[in-house]
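*Asks:* Here it is, the structure, as structure tokens.
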Amino acid sequence: MEQVKLLIVGAGAAGLSAAMSAWDAGCRDILIADRSSIPGGVLPRCIHAGFGLTAFGEELCGPEYAERLLAGLVSTGVRLSLGTEVLSVSRGKTALLSCRGCVSLLHFEHLILASGCREKGIGALPVAGTRPAGIFTAGQAQEMINLRHQDLGGEVLILGSGDLGMIIARRFVLEGKHVIAVLEQADTFGGMARNYRRCIEAYQIPLRCRMTVGKIHGQGRISGVTAVHLDSGEQEFIACDTLVTALGLISERTLVQGLESSPWLSLAGNCSRVYDMVDSAVSQAQHIGREVGASLL
Amino acid sequence: MFSERRYDIVVIGAGLLGCFAARNLRRWKVSVALIEEREDVCTGISRANTAIIYSGYDHKPGTLKAKMTVQANARMDQLCRELDVPFSRCGSLMVSYGEKADAILKQKLHSGIQNGVPGLRLLSGPEAEQMEPALAHGVRSALYAPTAGTLNPWALGIAAFENACQNSADAFLKTTVLDISAVCGDYCVKTDRGNFLCRAVVNCAGLASDRVQKLLFPSPVSLSINAGDYLILDKTSRPMPRYILQYEPEEDDKGISVVPTVEGSLLVGPSERDGRPDYATDTEGLSFVRRQLRELLPDLRVDSVIRSFAAARPNPQRPDGSSIGSFVIEHPAHAFWSLIGIKTPGLTCADELGLYLAEKIAAELDADENTAFAPRRNGIPGVRGLEFAQRKELVQKNADYGEILCPCEEVTKAEVLEAIRRGACTVDAVKRRVGTGMGRCQGARCQQKIIAILSQELGIPESAVTKDGKGTEILYHGAS
């Protein structure tokens with residue numbers, strides 16, 4: 001069986017940063033595994049600016065941020081295994097890895113999980129109605145529009161005004177689409193004030209608070225939703241051909257379910273808790289990387 | 001263009017029943033055409049149900065339903081081995097929390113014994129809570145049916161379809177029946193893709209089965225449609241029950257079932273209401289299911305719900321509007337058979353019903369036995385749950401077995417390609433065959449990749465790839 005001192009699962013901002021810090025702390029045997037064929041986690045699809053003010057002292061877009069992190073790793077001996085799914089991890093500190101043409105067992109001394117978040121989907125909400133085409137999560141929409149250059153819709157309704165919801169709303173406007181509204185359950189937008197100003201205000205996208213989606217209409221493709229005013233209970237039909245859900249992020253720790261308290265496991269970045277900013281996730285991941293790196297000397 | 005084809009038997013509708021009818025008809029030397037309106041099989045009633053293989057205590061002793069269910073249950077292991085379909089005989093517990101339900105359980109025990117259900121036992125509350133610690137405290141009694149089980153209805157229907165085709169039944173998908181006429185002792189089934197002349201017709205048209213019969217004969221039975229709402233909870237939900245749980249509540253008229261599926265997720269439902277055949281869920285129905293689930297399994301986190309969906313169930317009625325509880329098997333004329341509005345336990349009895357019809361028709365047509373009939377079908381090998389060595393062997397044979405496309409359900413590119421090779425041409429058709437997009441992210445991570453592969457394999461642009469057939473294109477096509 002192959003051996004590695006430090007296995008890092010996830011080559012996003014947290015995984016790359018943890019690897020760099022662990023290397024700097026003296027650990028010389030590090031492997032990062034990531035299922036995607038491109039490194040950077042969600043950064044490559046985040047083509048908007050607004051990253052890196054704390055970490056790099058300048059405003060970068062997602063792909064630039066990823067490049068900076070990768071550039072730092074080039075001169076190190078950290079190995080990066082892309083297109084590689086870590087299928088399972090056992091108590092005996094063995095990981096099962098799978099990539100095209102190869103499946104292998106890998107023994108590690110320490111594991112840093114840097115698997116980020118997954119998005120809560122519409123299925124989690126008690127939304128009635130049909131299940132037509134034309135419903136996407138915000139992250140999925142980002143990937144499809146920004147990386148795959150696909151056209152997702154013309155009349156777009158966004159549910160949820162977290163950062164991801166506001167940013168994808170602006171993205172649709174920039175793509176020449178009509179964003180009907182961003183619906184928000186709470187009294188005000190959910191994300192950072194900066195994103196509200198830059199995405200919602202600047203592009204005059206209607207933000208409608210204390211509202212949610214009660215029912216989805218449409219047989220083939222979505223034709224509209226019944227929106228519910230939470231205070232009055234009143235219902236309103238909103239026609240749309242695309243619904244994008246930005247319902248929040250859940251730390252993705254399924255890989256280590258039941259193993260969370262193992263001494264050989266550390267969580268880096270958004271899989272430990274959901275951070276507002278990449279810089280904060282990076283800073284926590286660097287701390288974890290230093291600690292773990294030093295402990296493995 | 002006018003085309004005319006000739007078959008001994010035309011089966012209308014490729015749901016579970018139609019697929020099993022076609023499969024079993026090929027046990028005789030008869031040519032079989034299976035006609036389906038949609039681009040895939042099992043897209044109607046079969047696509048959404050409770051996924052339970054019933055033990056057989058629910059039905060009135062002496063009825064065909066009772067007899068067939070017990071018999072079908074006993075043969076399910078063999079059937080699933082033949083068709084290479086995962087089947088979990090996990091047993092079921094019907095639980096009571098009050099006097100009303102106690103009485104129902106006793107009555108079901110009684111009919112179960114008369115029906116010959118093996119191993120049926122009435123448990124005390126503490127016994128039941130010990131067997132299934134996730135249950136809410138205060139169980140008074142429980143009916144334990146060790147022979148009950150669960151399987152994936154799509155998996156079974158698709159397996160029957162593939163096996164029917166292996167045995168030279170001809171499938172005509174995307175073919176709509178327009179009319180049926182009697183021609184010199186034969187039948188002519190007129191479709192939008194030409195006429196089918198045949199000696200016998202088997203009508204398994206599900207929600208349209210009453211209308212299909214009325215194309216040529218009167219139907220003493222018509223269908224209204226009931227709908228039911230379901231929830232699916234992620235496989236990481238805890239505490240995950242071991243048994244199929246059936247709740248017989250004191251307050252509500254109707255209870256729910258909780259099914260630990262073969263995929264590892266938890267299926268909960270259904271509610272019961274009047275419905276339309278649009279498979280739309282209902283707010284009240286969904287909250288009913290959530291409420292009952294909370295009552296039955298209070299420690300289960302309902303925030304692990306990953307999907308809700310609705311099922312349509314036919315409700316066969318007499319002309320006076322009263323419901324018919326038994327299977328409606330119509331035989332209005334020589335060699336014309338209709339299964340009208342088969343509901344629970346249609347999944348359990350699908351093969352039995354198919355065999356029943358096939359025997360009748362074979363006798364009517366005086367057909368000889370087909371000694372070349374091959375009952376075995378191989379499923380699409382998957383990597384999920386495999387030991388390292390087995391996995392390695394697969395990957396060495398086919399590199400695509402290493403490439404995970406759907407991380408939630410651990411489905412590889414090799415499986416997706418094989419599903420497409422076997423006829424899947426939509427994102428949902430791939431899902432029904434290999435489970436992509438059924439997990440906690442509901443396709444948010446794999447759908448894009450499936451679209452790309454479908455586009456490449458089918459030689460169509462990505463913008464033409466659909467979720468579930470015409471009109472469900474996933475990418476945008478401009479204002480219509």
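By convention here, the chains of the structure tokens are called A, B, ... in the order presented, each chain's residues are numbered starting at 1, and ligands are numbered starting at 1 in the order presented.
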Could you make a table, as JSON lines, of the residues of range 101-129 of chain A that have an atom within 9 Å of an atom of range 209-233 of chain A, each with its nearest atom pair and distance in Å to one decimal, counting only C-alpha atoms, in chain and number order?

*Replies:*
```
{"residue": "A:Pro126", "atom": "CA", "partner": "A:Gly214", "partner_atom": "CA", "distance": 7.7}
{"residue": "A:Val127", "atom": "CA", "partner": "A:Gly214", "partner_atom": "CA", "distance": 5.2}
{"residue": "A:Ala128", "atom": "CA", "partner": "A:Lys215", "partner_atom": "CA", "distance": 4.5}
{"residue": "A:Gly129", "atom": "CA", "partner": "A:Ile216", "partner_atom": "CA", "distance": 4.6}
```

*Asks:* Which residues of chain A come within 6 Å of chain B, and what is each one's closest atom pair and distance in Å (one decimal), counting only C-alpha atoms, sorted by chain and residue number, as a tab-separated table?

*Replies:*
```
residue	atom	partner	partner_atom	distance
A:Ser98	CA	B:Gly402	CA	5.2
A:Cys99	CA	B:Gly402	CA	4.6
A:Arg100	CA	B:Gly402	CA	4.4
A:Gly101	CA	B:Ala399	CA	3.7
A:Cys102	CA	B:Gly402	CA	5.7
A:Val103	CA	B:Lys392	CA	5.9
A:Gly123	CA	B:Arg307	CA	3.9
A:Ala124	CA	B:Ile306	CA	4.8
A:Ala128	CA	B:Thr281	CA	4.7
A:Gly129	CA	B:Ala280	CA	4.2
A:Thr130	CA	B:Ala280	CA	4.1
A:Ala133	CA	B:Thr472	CA	5.2
A:Gly134	CA	B:Ile474	CA	5.9
A:Gln140	CA	B:Ala444	CA	5.7
A:Asp151	CA	B:Tyr476	CA	5.5
A:Leu152	CA	B:Tyr476	CA	4.9
A:Gly153	CA	B:Tyr476	CA	4.9
A:Gly220	CA	B:Thr472	CA	4.5
A:Arg221	CA	B:Thr472	CA	5.4
```

*Asks:* For range 7-10 of chain B, please output as number ranges by chain all residues within 9 Å (counting only C-alpha atoms; exclusion window: fewer than 6 positions along the same chain).

*Replies:* B: 22, 25, 30-35, 189, 196-203, 335, 361, 365

*Asks:* Keeping all heavy atoms for every residue in the selection just given, could you write it to a file as a compact mmCIF listing (two decimals), in the first residue's frame?

*Replies:*
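File out-v7.txt, as written:
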```txt
# COMPACT_ATOMS: atom_id res chain seq x y z
N ALA B 22 -44.92 -8.32 -21.37
CA ALA B 22 -44.14 -8.63 -22.56
C ALA B 22 -43.13 -9.74 -22.26
O ALA B 22 -42.96 -10.69 -23.03
CB ALA B 22 -43.42 -7.38 -23.05
N LEU B 25 -44.99 -13.08 -21.85
CA LEU B 25 -45.57 -13.58 -23.11
C LEU B 25 -44.51 -14.29 -23.94
O LEU B 25 -44.82 -15.23 -24.69
CB LEU B 25 -46.16 -12.41 -23.90
CG LEU B 25 -47.53 -11.93 -23.41
CD1 LEU B 25 -47.85 -10.55 -23.99
CD2 LEU B 25 -48.63 -12.93 -23.75
N VAL B 30 -44.68 -16.68 -29.40
CA VAL B 30 -45.53 -15.63 -29.97
C VAL B 30 -44.66 -14.40 -30.19
O VAL B 30 -43.71 -14.17 -29.45
CB VAL B 30 -46.69 -15.25 -29.02
CG1 VAL B 30 -47.75 -16.34 -28.98
CG2 VAL B 30 -46.18 -14.96 -27.60
N SER B 31 -44.97 -13.63 -31.23
CA SER B 31 -44.22 -12.39 -31.43
C SER B 31 -44.92 -11.28 -30.65
O SER B 31 -46.15 -11.22 -30.60
CB SER B 31 -44.13 -12.06 -32.92
OG SER B 31 -45.42 -11.96 -33.46
N VAL B 32 -44.11 -10.42 -30.02
CA VAL B 32 -44.66 -9.42 -29.11
C VAL B 32 -44.12 -8.03 -29.46
O VAL B 32 -42.92 -7.85 -29.62
CB VAL B 32 -44.26 -9.75 -27.65
CG1 VAL B 32 -44.78 -8.66 -26.70
CG2 VAL B 32 -44.80 -11.11 -27.23
N ALA B 33 -45.05 -7.08 -29.60
CA ALA B 33 -44.65 -5.68 -29.73
C ALA B 33 -45.08 -4.95 -28.46
O ALA B 33 -46.21 -5.11 -28.00
CB ALA B 33 -45.32 -5.03 -30.94
N LEU B 34 -44.16 -4.17 -27.90
CA LEU B 34 -44.46 -3.39 -26.69
C LEU B 34 -44.45 -1.92 -27.09
O LEU B 34 -43.43 -1.39 -27.52
CB LEU B 34 -43.40 -3.69 -25.62
CG LEU B 34 -43.46 -2.93 -24.30
CD1 LEU B 34 -44.80 -3.13 -23.60
CD2 LEU B 34 -42.32 -3.38 -23.38
N ILE B 35 -45.60 -1.28 -26.97
CA ILE B 35 -45.75 0.10 -27.44
C ILE B 35 -45.82 1.06 -26.26
O ILE B 35 -46.57 0.84 -25.31
CB ILE B 35 -47.04 0.24 -28.28
CG1 ILE B 35 -46.93 -0.65 -29.52
CG2 ILE B 35 -47.28 1.69 -28.68
CD1 ILE B 35 -48.14 -0.57 -30.41
N VAL B 189 -54.09 -2.07 -34.15
CA VAL B 189 -53.76 -0.98 -33.23
C VAL B 189 -53.13 0.13 -34.07
O VAL B 189 -52.05 -0.02 -34.62
CB VAL B 189 -52.79 -1.45 -32.13
CG1 VAL B 189 -52.42 -0.28 -31.22
CG2 VAL B 189 -53.39 -2.59 -31.33
N PHE B 196 -50.42 -1.59 -36.26
CA PHE B 196 -49.95 -2.88 -35.80
C PHE B 196 -51.12 -3.86 -35.89
O PHE B 196 -52.10 -3.71 -35.17
CB PHE B 196 -49.48 -2.80 -34.34
CG PHE B 196 -48.22 -2.01 -34.15
CD1 PHE B 196 -48.22 -0.62 -34.22
CD2 PHE B 196 -47.01 -2.66 -33.91
CE1 PHE B 196 -47.04 0.10 -34.05
CE2 PHE B 196 -45.84 -1.94 -33.73
CZ PHE B 196 -45.85 -0.56 -33.80
N LEU B 197 -51.00 -4.83 -36.81
CA LEU B 197 -52.02 -5.87 -36.89
C LEU B 197 -51.62 -6.98 -35.94
O LEU B 197 -50.47 -7.41 -35.91
CB LEU B 197 -52.10 -6.43 -38.31
CG LEU B 197 -52.86 -5.58 -39.31
CD1 LEU B 197 -52.79 -6.23 -40.69
CD2 LEU B 197 -54.34 -5.44 -38.88
N CYS B 198 -52.58 -7.46 -35.12
CA CYS B 198 -52.20 -8.48 -34.14
C CYS B 198 -53.37 -9.39 -33.82
O CYS B 198 -54.53 -9.07 -34.11
CB CYS B 198 -51.69 -7.80 -32.88
SG CYS B 198 -52.88 -6.68 -32.15
N ARG B 199 -53.05 -10.51 -33.22
CA ARG B 199 -54.09 -11.47 -32.83
C ARG B 199 -54.60 -11.20 -31.42
O ARG B 199 -55.67 -11.66 -31.05
CB ARG B 199 -53.53 -12.89 -32.93
CG ARG B 199 -53.05 -13.26 -34.34
CD ARG B 199 -52.16 -14.49 -34.31
NE ARG B 199 -52.90 -15.68 -33.87
CZ ARG B 199 -52.31 -16.76 -33.34
NH1 ARG B 199 -51.01 -16.81 -33.18
NH2 ARG B 199 -53.05 -17.79 -32.97
N ALA B 200 -53.78 -10.51 -30.63
CA ALA B 200 -54.21 -10.24 -29.24
C ALA B 200 -53.67 -8.89 -28.79
O ALA B 200 -52.62 -8.45 -29.23
CB ALA B 200 -53.69 -11.33 -28.31
N VAL B 201 -54.43 -8.26 -27.89
CA VAL B 201 -54.03 -6.97 -27.33
C VAL B 201 -53.98 -7.08 -25.81
O VAL B 201 -54.88 -7.64 -25.19
CB VAL B 201 -55.03 -5.86 -27.73
CG1 VAL B 201 -54.74 -4.55 -26.98
CG2 VAL B 201 -55.00 -5.61 -29.23
N VAL B 202 -52.89 -6.57 -25.23
CA VAL B 202 -52.80 -6.48 -23.77
C VAL B 202 -52.69 -5.00 -23.43
O VAL B 202 -51.73 -4.33 -23.81
CB VAL B 202 -51.57 -7.24 -23.23
CG1 VAL B 202 -51.55 -7.17 -21.71
CG2 VAL B 202 -51.59 -8.68 -23.69
N ASN B 203 -53.68 -4.52 -22.72
CA ASN B 203 -53.73 -3.11 -22.38
C ASN B 203 -53.19 -2.88 -20.97
O ASN B 203 -53.83 -3.24 -19.99
CB ASN B 203 -55.20 -2.66 -22.53
CG ASN B 203 -55.48 -1.33 -21.85
OD1 ASN B 203 -54.59 -0.55 -21.55
ND2 ASN B 203 -56.76 -1.07 -21.61
N ALA B 335 -59.07 -12.62 -26.73
CA ALA B 335 -57.70 -12.13 -26.90
C ALA B 335 -57.56 -10.62 -26.73
O ALA B 335 -56.70 -9.99 -27.33
CB ALA B 335 -57.14 -12.58 -28.25
N ILE B 361 -53.55 -15.73 -22.48
CA ILE B 361 -53.46 -15.40 -23.91
C ILE B 361 -52.85 -16.56 -24.69
O ILE B 361 -53.30 -16.89 -25.79
CB ILE B 361 -52.67 -14.09 -24.12
CG1 ILE B 361 -53.50 -12.94 -23.55
CG2 ILE B 361 -52.35 -13.85 -25.58
CD1 ILE B 361 -52.75 -11.66 -23.38
N LEU B 365 -54.54 -18.26 -27.86
CA LEU B 365 -53.91 -18.30 -29.17
C LEU B 365 -53.36 -19.70 -29.48
O LEU B 365 -52.77 -19.91 -30.54
CB LEU B 365 -52.77 -17.28 -29.27
CG LEU B 365 -53.11 -15.81 -29.04
CD1 LEU B 365 -51.89 -14.94 -29.34
CD2 LEU B 365 -54.29 -15.37 -29.89
```

*Asks:* Name the residues of range 269-448 of chain B that fall into helix (DSSP H, G or I) according to DSSP on the backbone, using the chain letters and numbers of this document, as JSON, numbers by chain.

*Replies:* {"B": [283, 284, 285, 286, 287, 288, 289, 290, 291, 292, 293, 294, 295, 296, 302, 303, 304, 346, 347, 348, 349, 350, 351, 352, 353, 354, 355, 356, 357, 358, 359, 360, 361, 362, 363, 364, 365, 388, 389, 390, 391, 392, 393, 394, 395, 396, 397, 399, 400, 401, 402, 413, 414, 415, 416, 417, 418, 419, 420, 421, 427, 428, 429, 430, 431, 432, 433, 434, 447, 448]}

*Asks:* Name all residues at most 12 Å from Arg75 in chain B (count only C-alpha atoms; drop same-chain ones fewer than 2 positions away) and give them as a PyMOL selection string.

*Replies:* chain B and resi 53+55+68-73+77-82+87+89+147+348-352

*Asks:* Give me the residues near Ser224 in chain B as a PDB file with N, CA and C atoms, in the first residue's frame, where near means some atom within 8 Å (using only C-alpha atoms) and where sequence neighbours in that chain fewer than 2 positions away do not count.

*Replies:*
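New file out-v1.pdb:
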```pdb
ATOM      1  N   SER B 222     -64.104   2.945 -14.718  1.00  0.00           N
ATOM      2  CA  SER B 222     -63.353   4.121 -15.142  1.00  0.00           C
ATOM      3  C   SER B 222     -62.416   4.526 -14.011  1.00  0.00           C
ATOM      4  N   ASN B 226     -55.848   9.360  -7.762  1.00  0.00           N
ATOM      5  CA  ASN B 226     -55.426   9.809  -6.446  1.00  0.00           C
ATOM      6  C   ASN B 226     -53.957  10.180  -6.527  1.00  0.00           C
ATOM      7  N   PRO B 314     -54.030   5.209  -9.762  1.00  0.00           N
ATOM      8  CA  PRO B 314     -55.363   5.088 -10.333  1.00  0.00           C
ATOM      9  C   PRO B 314     -56.343   4.601  -9.271  1.00  0.00           C
ATOM     10  N   ASN B 315     -57.541   5.040  -9.392  1.00  0.00           N
ATOM     11  CA  ASN B 315     -58.575   4.589  -8.468  1.00  0.00           C
ATOM     12  C   ASN B 315     -59.742   4.085  -9.315  1.00  0.00           C
ATOM     13  N   PRO B 316     -59.813   2.759  -9.526  1.00  0.00           N
ATOM     14  CA  PRO B 316     -60.867   2.233 -10.394  1.00  0.00           C
ATOM     15  C   PRO B 316     -62.242   2.335  -9.735  1.00  0.00           C
ATOM     16  N   GLN B 317     -63.207   2.793 -10.513  1.00  0.00           N
ATOM     17  CA  GLN B 317     -64.559   3.005  -9.981  1.00  0.00           C
ATOM     18  C   GLN B 317     -65.606   2.352 -10.868  1.00  0.00           C
TER      19      GLN B 317
END
```

*Asks:* Using Å and a single decimal, report how far CA of Glu119 in chain A sits from CA of Cys271 in chain A.

*Replies:* 12.1 Å

*Asks:* Tell me, which residues of range 153-236 of chain A carry DSSP strand (DSSP E), written as an MDAnalysis selection string?

*Replies:* chainID A and resid 155:159 178:184 207:209 211:217 224:229 235:236

*Asks:* Let's have the selection written as a tab-separated table (two decimals), in the first residue's frame, with N, CA, C and O atoms.

*Replies:*
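Saved result, again02.tsv, follows:
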```tsv
chain	number	residue	atom	x	y	z
A	155	GLU	N	-35.92	34.59	-18.25
A	155	GLU	CA	-36.64	35.28	-17.18
A	155	GLU	C	-36.33	34.53	-15.89
A	155	GLU	O	-36.86	33.45	-15.64
A	156	VAL	N	-35.46	35.12	-15.09
A	156	VAL	CA	-34.87	34.36	-14.00
A	156	VAL	C	-35.37	34.85	-12.65
A	156	VAL	O	-35.36	36.06	-12.37
A	157	LEU	N	-35.78	33.93	-11.82
A	157	LEU	CA	-36.15	34.25	-10.44
A	157	LEU	C	-35.13	33.60	-9.53
A	157	LEU	O	-34.74	32.45	-9.74
A	158	ILE	N	-34.67	34.38	-8.54
A	158	ILE	CA	-33.67	33.85	-7.62
A	158	ILE	C	-34.32	33.70	-6.25
A	158	ILE	O	-34.99	34.63	-5.78
A	159	LEU	N	-34.10	32.57	-5.61
A	159	LEU	CA	-34.64	32.37	-4.26
A	159	LEU	C	-33.47	32.33	-3.29
A	159	LEU	O	-32.65	31.43	-3.32
A	178	HIS	N	-33.04	38.77	-17.88
A	178	HIS	CA	-33.88	39.57	-17.00
A	178	HIS	C	-34.05	38.84	-15.66
A	178	HIS	O	-34.59	37.74	-15.62
A	179	VAL	N	-33.55	39.47	-14.61
A	179	VAL	CA	-33.77	38.89	-13.27
A	179	VAL	C	-35.03	39.54	-12.70
A	179	VAL	O	-35.07	40.75	-12.44
A	180	ILE	N	-36.05	38.74	-12.55
A	180	ILE	CA	-37.35	39.26	-12.12
A	180	ILE	C	-37.26	39.79	-10.70
A	180	ILE	O	-37.73	40.88	-10.40
A	181	ALA	N	-36.66	39.00	-9.84
A	181	ALA	CA	-36.49	39.41	-8.45
A	181	ALA	C	-35.61	38.41	-7.73
A	181	ALA	O	-35.41	37.30	-8.20
A	182	VAL	N	-35.09	38.88	-6.60
A	182	VAL	CA	-34.46	37.97	-5.64
A	182	VAL	C	-35.42	37.91	-4.46
A	182	VAL	O	-35.75	38.95	-3.87
A	183	LEU	N	-35.90	36.71	-4.15
A	183	LEU	CA	-36.81	36.56	-3.01
A	183	LEU	C	-36.02	36.18	-1.77
A	183	LEU	O	-35.07	35.40	-1.84
A	184	GLU	N	-36.41	36.74	-0.64
A	184	GLU	CA	-35.69	36.48	0.61
A	184	GLU	C	-36.71	36.29	1.75
A	184	GLU	O	-37.62	37.09	1.89
A	207	LEU	N	-35.20	43.32	-4.84
A	207	LEU	CA	-35.07	42.39	-3.72
A	207	LEU	C	-36.39	42.40	-2.98
A	207	LEU	O	-36.85	43.46	-2.55
A	208	ARG	N	-37.02	41.25	-2.87
A	208	ARG	CA	-38.33	41.21	-2.21
A	208	ARG	C	-38.22	40.34	-0.97
A	208	ARG	O	-38.06	39.12	-1.06
A	209	CYS	N	-38.29	41.01	0.19
A	209	CYS	CA	-38.07	40.32	1.46
A	209	CYS	C	-39.37	39.76	2.03
A	209	CYS	O	-40.46	40.10	1.58
A	211	MET	N	-40.50	36.88	1.70
A	211	MET	CA	-41.20	36.09	0.68
A	211	MET	C	-40.48	34.77	0.43
A	211	MET	O	-39.27	34.69	0.58
A	212	THR	N	-41.25	33.78	0.05
A	212	THR	CA	-40.63	32.52	-0.34
A	212	THR	C	-41.43	31.89	-1.48
A	212	THR	O	-42.45	32.43	-1.89
A	213	VAL	N	-40.94	30.76	-1.96
A	213	VAL	CA	-41.65	30.04	-3.01
A	213	VAL	C	-42.49	28.94	-2.36
A	213	VAL	O	-41.96	28.13	-1.60
A	214	GLY	N	-43.78	28.93	-2.64
A	214	GLY	CA	-44.67	27.92	-2.08
A	214	GLY	C	-44.94	26.79	-3.04
A	214	GLY	O	-45.16	25.65	-2.63
A	215	LYS	N	-44.94	27.13	-4.33
A	215	LYS	CA	-45.32	26.11	-5.30
A	215	LYS	C	-44.65	26.38	-6.64
A	215	LYS	O	-44.49	27.54	-7.03
A	216	ILE	N	-44.27	25.31	-7.30
A	216	ILE	CA	-43.63	25.43	-8.62
A	216	ILE	C	-44.63	25.01	-9.69
A	216	ILE	O	-45.32	24.00	-9.54
A	217	HIS	N	-44.70	25.78	-10.77
A	217	HIS	CA	-45.61	25.46	-11.86
A	217	HIS	C	-44.83	25.14	-13.12
A	217	HIS	O	-43.72	25.61	-13.32
A	224	GLY	N	-43.45	29.25	-13.83
A	224	GLY	CA	-43.64	30.26	-12.79
A	224	GLY	C	-43.72	29.62	-11.43
A	224	GLY	O	-43.64	28.40	-11.30
A	225	VAL	N	-43.84	30.47	-10.42
A	225	VAL	CA	-43.97	29.96	-9.05
A	225	VAL	C	-45.12	30.69	-8.36
A	225	VAL	O	-45.47	31.82	-8.74
A	226	THR	N	-45.68	30.05	-7.37
A	226	THR	CA	-46.55	30.77	-6.46
A	226	THR	C	-45.67	31.24	-5.32
A	226	THR	O	-45.12	30.44	-4.57
A	227	ALA	N	-45.49	32.55	-5.25
A	227	ALA	CA	-44.68	33.11	-4.16
A	227	ALA	C	-45.60	33.42	-2.99
A	227	ALA	O	-46.77	33.78	-3.18
A	228	VAL	N	-45.09	33.26	-1.79
A	228	VAL	CA	-45.90	33.48	-0.60
A	228	VAL	C	-45.31	34.65	0.19
A	228	VAL	O	-44.11	34.69	0.44
A	229	HIS	N	-46.18	35.61	0.54
A	229	HIS	CA	-45.77	36.69	1.43
A	229	HIS	C	-45.86	36.16	2.85
A	229	HIS	O	-46.95	35.81	3.32
A	235	GLN	N	-50.71	35.09	-1.53
A	235	GLN	CA	-49.98	34.38	-2.57
A	235	GLN	C	-49.97	35.20	-3.85
A	235	GLN	O	-50.90	35.95	-4.11
A	236	GLU	N	-48.91	34.99	-4.61
A	236	GLU	CA	-48.75	35.78	-5.83
A	236	GLU	C	-48.06	34.90	-6.87
A	236	GLU	O	-47.07	34.25	-6.58
```

*Asks:* Name the closest residue to Arg377 in chain B among the candidates B:Lys214, B:Trp28, B:Thr176, B:Asn163; distances are taken between atoms, counting only C-alpha atoms.

*Replies:*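 Ranking B:Lys214, B:Trp28, B:Thr176, B:Asn163 by distance to Arg377 in chain B, first place goes to B:Asn163.
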
*Asks:* Determine the nearest neighbour of Ala239 in chain A from the options A:Ile205, A:Gly154, A:Tyr196, A:Pro39, counting only C-alpha atoms.

*Replies:*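 The answer is A:Gly154, which sits nearest to Ala239 in chain A.
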
*Asks:* To one decimal place, how far is CA of Pro375 in chain B from CA of Phe20 in chain B in Å?

*Replies:* 11.5 Å

*Asks:* If we count only C-alpha atoms and set the cut-off at 10 Å, which residues sit around Thr344 in chain B, ignoring sequence neighbours fewer than 2 positions away in its own chain? Please answer as a list in words.

*Replies:*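 So the residues in contact are Asn49, Thr50, Ile52, Ile53, Tyr54, Lys65, Thr69, Arg313, Pro314, Gly325, Ser326, Phe327, Gly341, Ile342, Gly346, Leu347, Thr348 and Cys349 of chain B.
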
*Asks:* With only C-alpha atoms as the counted atoms, please give the residues lying no more than 12 Å from Glu457 in chain B, apart from itself and same-chain residues fewer than 3 positions off, as a ChimeraX atom specification.

*Replies:* /B:416-426,450-454,460-462,465

*Asks:* Could you check how far CA of Phe336 in chain B sits from CA of Ala48 in chain B, in Å to one decimal?

*Replies:* 27.7 Å
